[in-house]
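S.K.: I'm passing along work34.csv; it holds CSV, C-alpha atoms.
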```
chain,number,residue,atom,x,y,z
F,13,MET,CA,40.8,209.7,-79.0
F,14,LEU,CA,40.1,206.0,-78.9
F,15,LYS,CA,36.6,205.2,-77.7
F,16,ARG,CA,36.1,201.8,-76.1
F,17,ASP,CA,33.0,199.9,-75.3
F,18,ASN,CA,32.4,198.8,-71.7
F,19,LEU,CA,34.1,195.6,-70.8
F,20,ALA,CA,31.9,192.6,-70.4
F,21,ARG,CA,33.4,192.0,-67.0
F,22,ALA,CA,34.4,194.9,-64.8
F,23,GLN,CA,38.1,195.1,-64.0
F,24,LEU,CA,38.7,195.3,-60.3
F,25,ILE,CA,41.6,197.5,-58.9
F,26,GLY,CA,42.9,197.0,-55.4
F,27,GLU,CA,44.3,200.2,-54.2
F,28,ILE,CA,47.2,199.4,-51.9
F,29,GLY,CA,48.3,203.0,-51.8
F,30,LEU,CA,50.6,203.6,-48.9
F,31,SER,CA,49.0,201.2,-46.5
F,32,HIS,CA,52.3,199.2,-46.8
F,33,GLU,CA,53.9,202.0,-44.6
F,34,GLY,CA,57.1,201.7,-46.6
F,35,SER,CA,57.5,198.0,-46.0
F,36,LEU,CA,58.5,196.1,-49.2
F,37,GLY,CA,57.6,192.8,-47.6
F,38,LEU,CA,54.1,194.0,-46.6
F,39,ALA,CA,53.7,195.5,-50.1
F,40,LEU,CA,54.5,192.1,-51.7
F,41,SER,CA,52.1,190.3,-49.4
F,42,MET,CA,49.3,192.7,-50.3
F,43,ILE,CA,50.0,192.0,-54.0
F,44,ASP,CA,49.5,188.3,-53.2
F,45,GLU,CA,46.3,189.0,-51.4
F,46,CYS,CA,45.0,191.1,-54.3
F,47,LYS,CA,45.6,188.2,-56.6
F,48,ASN,CA,44.1,185.7,-54.2
F,49,SER,CA,41.0,187.9,-53.9
F,50,GLY,CA,40.4,187.7,-57.6
F,51,LEU,CA,41.3,191.3,-58.4
F,52,ASP,CA,42.7,192.3,-61.8
F,53,TYR,CA,45.1,195.1,-60.6
F,54,ALA,CA,47.3,195.8,-57.6
F,55,LYS,CA,47.6,199.6,-57.4
F,56,PHE,CA,50.3,201.8,-55.7
F,57,GLN,CA,51.1,205.4,-55.3
F,58,PHE,CA,54.5,206.8,-56.3
F,59,HIS,CA,55.4,209.8,-54.2
F,60,SER,CA,58.7,211.7,-54.5
F,61,SER,CA,58.8,214.5,-52.0
F,62,HIS,CA,61.5,216.5,-53.8
F,63,HIS,CA,59.5,216.5,-57.1
F,64,GLU,CA,56.1,216.7,-55.5
F,65,SER,CA,55.9,219.0,-52.5
F,66,THR,CA,57.0,222.2,-50.9
F,67,ILE,CA,57.7,222.6,-47.2
F,68,ASP,CA,54.2,224.1,-46.9
F,69,GLU,CA,52.3,220.9,-47.7
F,70,ASN,CA,50.0,219.9,-44.8
F,71,PHE,CA,48.8,216.5,-43.7
F,72,ARG,CA,45.4,215.5,-44.9
F,73,VAL,CA,45.1,213.5,-41.7
F,74,LYS,CA,47.8,213.9,-39.0
F,75,ILE,CA,48.1,210.5,-37.4
F,76,PHE,CA,51.8,209.8,-38.0
F,77,PRO,CA,53.7,210.2,-34.7
F,78,GLN,CA,57.1,209.7,-36.3
F,79,ASP,CA,56.7,212.2,-39.2
F,80,GLU,CA,57.2,215.9,-38.6
F,81,SER,CA,55.9,216.9,-42.0
F,82,ARG,CA,54.1,215.3,-44.9
F,83,ARG,CA,57.3,215.5,-46.9
F,84,LYS,CA,59.0,213.3,-44.3
F,85,TYR,CA,56.0,210.9,-44.5
F,86,TRP,CA,56.6,210.6,-48.3
F,87,ASP,CA,60.2,210.0,-47.7
F,88,ARG,CA,59.6,207.3,-45.0
F,89,THR,CA,57.0,205.4,-47.0
F,90,SER,CA,58.7,205.6,-50.4
F,91,PHE,CA,60.6,202.8,-52.1
F,92,THR,CA,63.9,202.9,-53.9
F,93,LEU,CA,63.8,202.4,-57.6
F,94,GLU,CA,65.3,198.9,-57.1
F,95,GLU,CA,62.4,198.1,-54.6
F,96,TRP,CA,59.9,199.4,-57.1
F,97,GLN,CA,61.3,197.1,-59.7
F,98,LYS,CA,60.8,194.2,-57.3
F,99,ILE,CA,57.2,195.2,-56.9
F,100,VAL,CA,56.6,195.4,-60.6
F,101,ASP,CA,58.3,192.1,-61.1
F,102,HIS,CA,56.3,190.4,-58.3
F,103,CYS,CA,53.0,191.5,-60.0
F,104,HIS,CA,54.2,189.9,-63.2
F,105,LYS,CA,55.2,186.8,-61.3
F,106,VAL,CA,51.9,186.2,-59.6
F,107,GLY,CA,49.8,187.2,-62.6
F,108,ILE,CA,48.2,190.5,-61.6
F,109,LYS,CA,48.5,193.8,-63.4
F,110,PHE,CA,50.5,196.6,-61.8
F,111,LEU,CA,49.0,200.0,-61.7
F,112,CYS,CA,50.4,203.2,-60.1
F,113,THR,CA,49.5,206.8,-59.5
F,114,PRO,CA,52.5,209.0,-60.1
F,115,PHE,CA,52.3,212.3,-58.2
F,116,SER,CA,54.9,214.0,-60.4
F,117,VAL,CA,56.3,213.9,-63.9
F,118,TYR,CA,59.4,212.3,-62.4
F,119,ALA,CA,57.3,209.5,-61.0
F,120,ALA,CA,55.6,209.0,-64.4
F,121,GLN,CA,59.0,208.8,-66.1
F,122,GLN,CA,60.0,205.9,-63.8
F,123,LEU,CA,56.8,204.0,-64.7
F,124,LEU,CA,57.8,204.2,-68.4
F,125,ASN,CA,61.2,203.0,-67.5
F,126,TRP,CA,59.6,199.8,-66.1
F,127,GLY,CA,57.6,199.3,-69.2
F,128,ILE,CA,54.3,200.4,-67.7
F,129,ARG,CA,51.9,201.9,-70.2
F,130,GLU,CA,48.8,202.5,-68.2
F,131,VAL,CA,48.6,205.1,-65.4
F,132,LYS,CA,46.2,206.3,-62.8
F,133,ILE,CA,45.9,210.1,-62.1
F,134,GLY,CA,44.5,210.9,-58.7
F,135,SER,CA,41.7,213.4,-58.0
F,136,GLY,CA,44.2,216.0,-56.7
F,137,ASP,CA,46.0,216.1,-60.1
F,138,ALA,CA,42.9,215.9,-62.3
F,139,LEU,CA,43.7,219.5,-63.4
F,140,ASN,CA,47.5,219.2,-63.2
F,141,PHE,CA,48.1,219.8,-66.9
F,142,GLU,CA,51.8,219.5,-66.6
F,143,LEU,CA,51.3,215.9,-65.6
F,144,LEU,CA,48.4,215.3,-67.9
F,145,GLU,CA,50.3,216.6,-71.0
F,146,TYR,CA,53.1,214.2,-70.2
F,147,VAL,CA,51.0,211.1,-69.7
F,148,LYS,CA,48.7,211.9,-72.7
F,149,ILE,CA,51.6,211.6,-75.1
F,150,ARG,CA,53.3,208.6,-73.6
F,151,PHE,CA,50.8,206.2,-72.1
F,152,ASP,CA,48.3,203.9,-73.8
F,153,ARG,CA,45.6,204.1,-71.1
F,154,VAL,CA,44.9,206.9,-68.6
F,155,PHE,CA,42.7,206.4,-65.6
F,156,LEU,CA,41.5,209.7,-64.2
F,157,SER,CA,39.6,210.3,-60.9
F,158,LEU,CA,37.1,213.1,-60.8
F,159,GLY,CA,36.8,213.3,-57.0
F,160,LEU,CA,37.5,217.1,-56.7
F,161,ILE,CA,36.2,218.6,-59.9
F,162,ASN,CA,32.9,219.8,-61.2
F,163,ARG,CA,30.9,219.0,-64.4
F,164,LEU,CA,32.3,221.9,-66.4
F,165,GLU,CA,35.9,220.8,-65.6
F,166,ILE,CA,35.0,217.3,-66.7
F,167,LEU,CA,34.1,218.7,-70.1
F,168,LYS,CA,37.4,220.6,-70.1
F,169,LEU,CA,39.3,217.4,-69.5
F,170,PHE,CA,37.2,215.7,-72.2
F,171,GLU,CA,38.3,218.3,-74.7
F,172,PHE,CA,41.9,218.1,-73.6
F,173,PHE,CA,42.0,214.4,-74.3
F,174,GLN,CA,40.3,214.6,-77.7
F,175,ASP,CA,43.6,214.0,-79.5
F,176,PHE,CA,44.6,211.2,-77.2
F,177,LYS,CA,45.3,208.0,-79.2
F,178,GLY,CA,44.9,205.7,-76.2
F,179,GLU,CA,42.0,204.9,-73.9
F,180,LEU,CA,40.7,207.5,-71.3
F,181,VAL,CA,38.8,206.1,-68.4
F,182,LEU,CA,37.1,208.5,-66.1
F,183,PHE,CA,36.4,207.5,-62.5
F,184,GLN,CA,33.4,208.9,-60.6
F,185,CYS,CA,34.9,209.6,-57.2
F,186,THR,CA,34.1,211.5,-54.1
F,187,SER,CA,37.2,212.4,-52.2
F,188,GLU,CA,35.9,211.9,-48.7
F,189,TYR,CA,37.6,209.4,-46.4
F,190,PRO,CA,35.3,207.7,-45.8
F,191,ALA,CA,32.5,208.8,-48.2
F,192,THR,CA,28.9,208.1,-47.3
F,193,THR,CA,26.8,205.9,-49.6
F,194,SER,CA,24.7,208.9,-50.6
F,195,GLU,CA,27.9,210.6,-51.8
F,196,VAL,CA,28.9,207.8,-54.2
F,197,GLY,CA,27.1,209.2,-57.2
F,198,LEU,CA,26.7,206.2,-59.4
F,199,SER,CA,24.5,208.2,-61.8
F,200,MET,CA,27.7,209.8,-63.0
F,201,ILE,CA,28.7,206.5,-64.7
F,202,ARG,CA,26.0,207.0,-67.3
F,203,HIS,CA,27.0,210.6,-67.9
F,204,ILE,CA,30.6,209.6,-68.5
F,205,GLN,CA,29.5,206.9,-70.9
F,206,GLU,CA,27.4,209.4,-72.8
F,207,LEU,CA,30.7,211.1,-73.6
F,208,GLY,CA,31.7,207.9,-75.3
F,209,LEU,CA,34.3,207.0,-72.6
F,210,SER,CA,34.8,204.0,-70.4
F,211,ALA,CA,33.5,204.8,-66.9
F,212,GLY,CA,34.7,203.6,-63.6
F,213,LEU,CA,34.2,204.1,-59.9
F,214,SER,CA,36.9,205.0,-57.4
F,215,ASP,CA,35.3,204.1,-54.1
F,216,HIS,CA,36.1,205.4,-50.6
F,217,THR,CA,33.1,204.1,-48.6
F,218,GLY,CA,34.6,200.9,-47.2
F,219,ASN,CA,31.3,199.2,-48.0
F,220,PRO,CA,31.6,196.2,-50.4
F,221,HIS,CA,28.1,196.7,-51.6
F,222,VAL,CA,29.0,200.0,-53.3
F,223,PRO,CA,31.6,198.3,-55.7
F,224,MET,CA,29.0,195.6,-56.4
F,225,ALA,CA,26.4,198.3,-57.2
F,226,ALA,CA,28.9,200.0,-59.5
F,227,ILE,CA,29.4,196.7,-61.4
F,228,ALA,CA,25.6,196.4,-61.7
F,229,ALA,CA,25.5,200.0,-63.0
F,230,GLY,CA,27.8,199.2,-65.9
F,231,ALA,CA,31.2,200.4,-64.6
F,232,SER,CA,34.1,199.1,-66.7
F,233,TYR,CA,36.5,199.5,-63.8
F,234,VAL,CA,36.0,199.6,-60.1
F,235,GLU,CA,38.7,200.7,-57.7
F,236,PHE,CA,38.7,200.4,-53.9
F,237,HIS,CA,41.4,200.6,-51.2
F,238,VAL,CA,42.3,197.2,-49.6
F,239,VAL,CA,43.7,196.3,-46.2
F,240,PHE,CA,44.2,193.2,-44.1
F,241,SER,CA,42.0,194.7,-41.4
F,242,LYS,CA,40.1,198.0,-41.0
F,243,ARG,CA,41.9,198.3,-37.7
F,244,GLN,CA,45.2,198.4,-39.6
F,245,PHE,CA,47.2,201.6,-39.0
F,246,GLY,CA,46.8,204.2,-41.7
F,247,PRO,CA,44.6,207.1,-42.8
F,248,ASP,CA,42.6,205.1,-45.4
F,249,SER,CA,41.9,201.9,-43.4
F,250,GLU,CA,38.3,202.9,-42.5
F,251,SER,CA,37.7,203.7,-46.2
F,252,SER,CA,39.0,200.4,-47.4
F,253,LEU,CA,37.8,196.9,-48.0
F,254,THR,CA,39.4,193.9,-46.3
F,255,PHE,CA,40.7,191.3,-48.7
F,256,ASN,CA,37.8,189.0,-47.7
F,257,GLU,CA,35.4,191.8,-48.7
F,258,ALA,CA,37.3,192.3,-51.9
F,259,ALA,CA,36.9,188.6,-52.7
F,260,SER,CA,33.2,188.9,-52.2
F,261,VAL,CA,33.1,191.8,-54.8
F,262,SER,CA,35.1,189.6,-57.2
F,263,ASN,CA,32.6,186.8,-56.7
F,264,PHE,CA,29.8,189.1,-57.3
F,265,ASN,CA,31.5,190.4,-60.5
F,266,ASP,CA,31.7,186.8,-61.9
F,267,THR,CA,28.1,186.0,-60.8
F,268,TRP,CA,26.8,189.2,-62.4
F,269,ILE,CA,28.4,188.3,-65.7
F,270,LEU,CA,27.1,184.8,-65.7
F,271,ALA,CA,23.6,185.9,-64.7
F,272,ASN,CA,23.6,188.4,-67.6
F,273,ASP,CA,24.9,186.1,-70.3
F,274,PRO,CA,23.9,187.7,-73.6
F,275,ASN,CA,23.8,184.2,-75.2
F,276,TYR,CA,21.0,183.1,-72.9
F,277,ASP,CA,18.3,181.5,-75.1
F,278,LYS,CA,14.9,181.4,-73.4
F,279,ASP,CA,13.4,179.1,-76.0
F,280,GLU,CA,16.3,176.6,-75.7
F,281,VAL,CA,16.0,176.6,-71.9
F,282,SER,CA,12.2,176.0,-72.2
F,283,LYS,CA,12.9,173.1,-74.5
F,284,ARG,CA,15.4,171.6,-72.1
F,285,LEU,CA,13.0,171.9,-69.2
F,286,LEU,CA,10.1,170.3,-71.1
F,287,GLN,CA,9.8,167.3,-68.7
F,288,THR,CA,9.8,169.6,-65.7
F,289,ARG,CA,7.3,171.8,-67.4
F,290,ASN,CA,5.0,168.8,-67.8
F,291,LYS,CA,5.4,167.9,-64.1
F,292,PHE,CA,4.3,171.3,-63.1
F,293,GLY,CA,1.8,171.8,-65.9
F,294,ARG,CA,-1.9,171.0,-65.5
F,295,GLY,CA,-4.6,169.3,-67.4
F,296,VAL,CA,-8.4,169.5,-67.2
F,297,THR,CA,-10.4,167.3,-64.9
F,298,VAL,CA,-13.8,167.4,-63.2
F,299,SER,CA,-14.2,168.9,-59.8
F,300,ARG,CA,-16.6,166.2,-58.6
F,301,SER,CA,-17.8,162.8,-59.8
F,302,VAL,CA,-19.8,163.0,-63.0
F,303,LYS,CA,-22.2,160.4,-64.1
F,304,LYS,CA,-22.3,159.0,-67.7
F,305,GLY,CA,-24.7,161.1,-69.8
F,306,GLU,CA,-24.3,164.2,-67.6
F,307,ARG,CA,-23.8,167.5,-69.5
F,308,ILE,CA,-20.5,169.2,-69.0
F,309,THR,CA,-20.6,172.8,-67.7
F,310,LYS,CA,-17.7,175.1,-66.9
F,311,ASP,CA,-18.3,175.0,-63.2
F,312,LEU,CA,-17.6,171.2,-63.3
F,313,LEU,CA,-14.1,171.7,-64.6
F,314,THR,CA,-10.8,172.5,-62.9
F,315,LEU,CA,-7.0,172.1,-63.6
F,316,LYS,CA,-4.8,169.6,-61.8
F,317,LYS,CA,-1.1,168.5,-62.1
F,318,PRO,CA,0.6,167.1,-64.0
F,319,HIS,CA,0.2,168.1,-67.7
F,320,GLY,CA,-2.9,166.4,-69.1
F,321,PRO,CA,-4.5,165.7,-72.5
F,322,ILE,CA,-6.8,168.7,-72.4
F,323,SER,CA,-5.6,172.2,-71.7
F,324,TRP,CA,-7.7,175.0,-70.3
F,325,GLU,CA,-7.7,176.7,-73.7
F,326,GLU,CA,-9.5,173.6,-75.1
F,327,VAL,CA,-12.3,173.7,-72.6
F,328,PRO,CA,-14.7,175.3,-75.1
F,329,LEU,CA,-14.4,172.2,-77.2
F,330,ILE,CA,-16.0,170.0,-74.5
F,331,LEU,CA,-18.5,172.4,-73.0
F,332,ASN,CA,-22.2,171.2,-73.2
F,333,LYS,CA,-21.1,167.7,-74.3
F,334,ARG,CA,-22.3,164.7,-72.4
F,335,ALA,CA,-20.0,162.3,-70.5
F,336,ALA,CA,-19.5,159.1,-72.4
F,337,ARG,CA,-18.6,157.3,-69.1
F,338,ASP,CA,-18.5,158.0,-65.4
F,339,LEU,CA,-15.8,160.6,-64.7
F,340,GLN,CA,-13.7,160.9,-61.5
F,341,PRO,CA,-12.0,164.1,-60.2
F,342,ASP,CA,-8.6,162.4,-59.7
F,343,VAL,CA,-8.2,161.5,-63.4
F,344,HIS,CA,-7.4,163.8,-66.3
F,345,LEU,CA,-10.1,164.1,-68.9
F,346,GLN,CA,-9.5,163.0,-72.5
F,347,HIS,CA,-11.5,163.9,-75.7
F,348,SER,CA,-12.8,160.3,-75.9
F,349,ASP,CA,-14.6,160.8,-72.5
F,350,PHE,CA,-17.3,162.8,-74.3
F,351,GLU,CA,-20.1,161.8,-76.7
```
Would you give me this structure, written as structure tokens?
M.R.:
Amino acid sequence: MLKRDNLARAQLIGEIGLSHEGSLGLALSMIDECKNSGLDYAKFQFHSSHHESTIDENFRVKIFPQDESRRKYWDRTSFTLEEWQKIVDHCHKVGIKFLCTPFSVYAAQQLLNWGIREVKIGSGDALNFELLEYVKIRFDRVFLSLGLINRLEILKLFEFFQDFKGELVLFQCTSEYPATTSEVGLSMIRHIQELGLSAGLSDHTGNPHVPMAAIAAGASYVEFHVVFSKRQFGPDSESSLTFNEAASVSNFNDTWILANDPNYDKDEVSKRLLQTRNKFGRGVTVSRSVKKGERITKDLLTLKKPHGPISWEEVPLILNKRAARDLQPDVHLQHSDFE
């Protein structure tokens, strides 16, 4: 299994999911806004009710007045293969990477048909080994959310992917909608990295500060749901970021990288700021007027701006010497001022 170092810049994934409500036009406009917000991926969900569900599947949140069952919801919000191709093509056109969660082997097969070689597996399928076996063989990068499994099962997945020749990225995730900040679990990022894997966060808090914290914690990938408004219809709107909030996360991402530039040279910066340093530096002067011939004691000395001829470290060199002239408190001392 290929082990990859953390990316210097976190890759940001805007989860559009099914917030498009089956509208191709809305889906395309959300892709545009992901790009405009500075995100790296626009992510979708590929549901196929015939390949995914039985008649017994219940709604996670029943808010859809027009859908008698969850299977009918999948059917209503699904795209045709031709429409999916338009979505993939639009991502290429605007310059953002397309990512999708297939909820069946059939859906994963369609991704391959469109030339997609990286795939996201949702928390509900983290132990779906039929799907995992399929993607492990055929995809170059597998993103896998850990929202519903325990530590022992994480190790089981780690062992399962040992012969994977691509990159496995594990996402810390808590599958609550919305999740509270205390349920985010950023400490898991370090534990995932200790396995030698790239680590990410799949966030459901709806709080832009959480993705920012994940970036600061060293996540290689950060995923969050996106919507035009948190009042937008849908089960995930409250758990999502608006595109304005997503843009603020992207700006933080860029700022974090610049502020942690590994090529920063403290000595070079100090050299460049030498004039400023001299302005804010200090030199030794007397604290009151001193007559010629008066002996210099430490209580007569103080430091004043800007940088002067005698530093505080050099004070022992002039102690107990006599003033060679009258000395004033508003003028820096020089070594020639003493007998």
S.K.: With all atoms listed in the file as the counted atoms, please give the residues lying no more than 7 Å from region 298-311 of chain F, apart from itself and same-chain residues fewer than 6 positions off, as an MDAnalysis selection string.
M.R.: chainID F and resid 331:341
S.K.: Would you write out those residues with C-alpha atoms, as a short mmCIF file (atom, residue, chain, number, x, y, z; two decimals), in the coordinates of the input?
M.R.:
```
data_model
loop_
_atom_site.label_atom_id
_atom_site.label_comp_id
_atom_site.auth_asym_id
_atom_site.auth_seq_id
_atom_site.Cartn_x
_atom_site.Cartn_y
_atom_site.Cartn_z
CA LEU F 331 -18.50 172.40 -73.00
CA ASN F 332 -22.20 171.20 -73.20
CA LYS F 333 -21.10 167.70 -74.30
CA ARG F 334 -22.30 164.70 -72.40
CA ALA F 335 -20.00 162.30 -70.50
CA ALA F 336 -19.50 159.10 -72.40
CA ARG F 337 -18.60 157.30 -69.10
CA ASP F 338 -18.50 158.00 -65.40
CA LEU F 339 -15.80 160.60 -64.70
CA GLN F 340 -13.70 160.90 -61.50
CA PRO F 341 -12.00 164.10 -60.20
#
```
S.K.: List the neighbours of Tyr233 (chain F) out to 7 Å using all atoms listed in the file; skip same-chain residues closer than 2 positions along the sequence, and give me the result as a count of residues only.
M.R.: 8
S.K.: Find the residues around region 257-265 of chain F up to 7 Å (all atoms listed in the file counted), leave out those fewer than 3 positions away in its own chain, and share them as a ChimeraX atom specification.
M.R.: /F:21-22,49-51,220,223-224,227,253-254,268-269
S.K.: Need to verify the contact set: Lys105 (chain F), 12 Å, all atoms listed in the file, exclusion of same-chain residues closer than 3 positions in sequence. Can you return it as a VMD selection string?
M.R.: chain F and resid 40 43 to 44 47 98 to 102 108 to 110
S.K.: At a cut-off of 7 Å, using only C-alpha atoms, what residues contact region 151-165 of chain F? Leave out same-chain residues fewer than 3 positions from it and give the result as JSON, numbers by chain.
M.R.: {"F": [129, 130, 131, 132, 133, 134, 135, 136, 138, 147, 148, 168, 169, 178, 179, 180, 181, 182, 183, 184, 185, 186, 187, 214]}
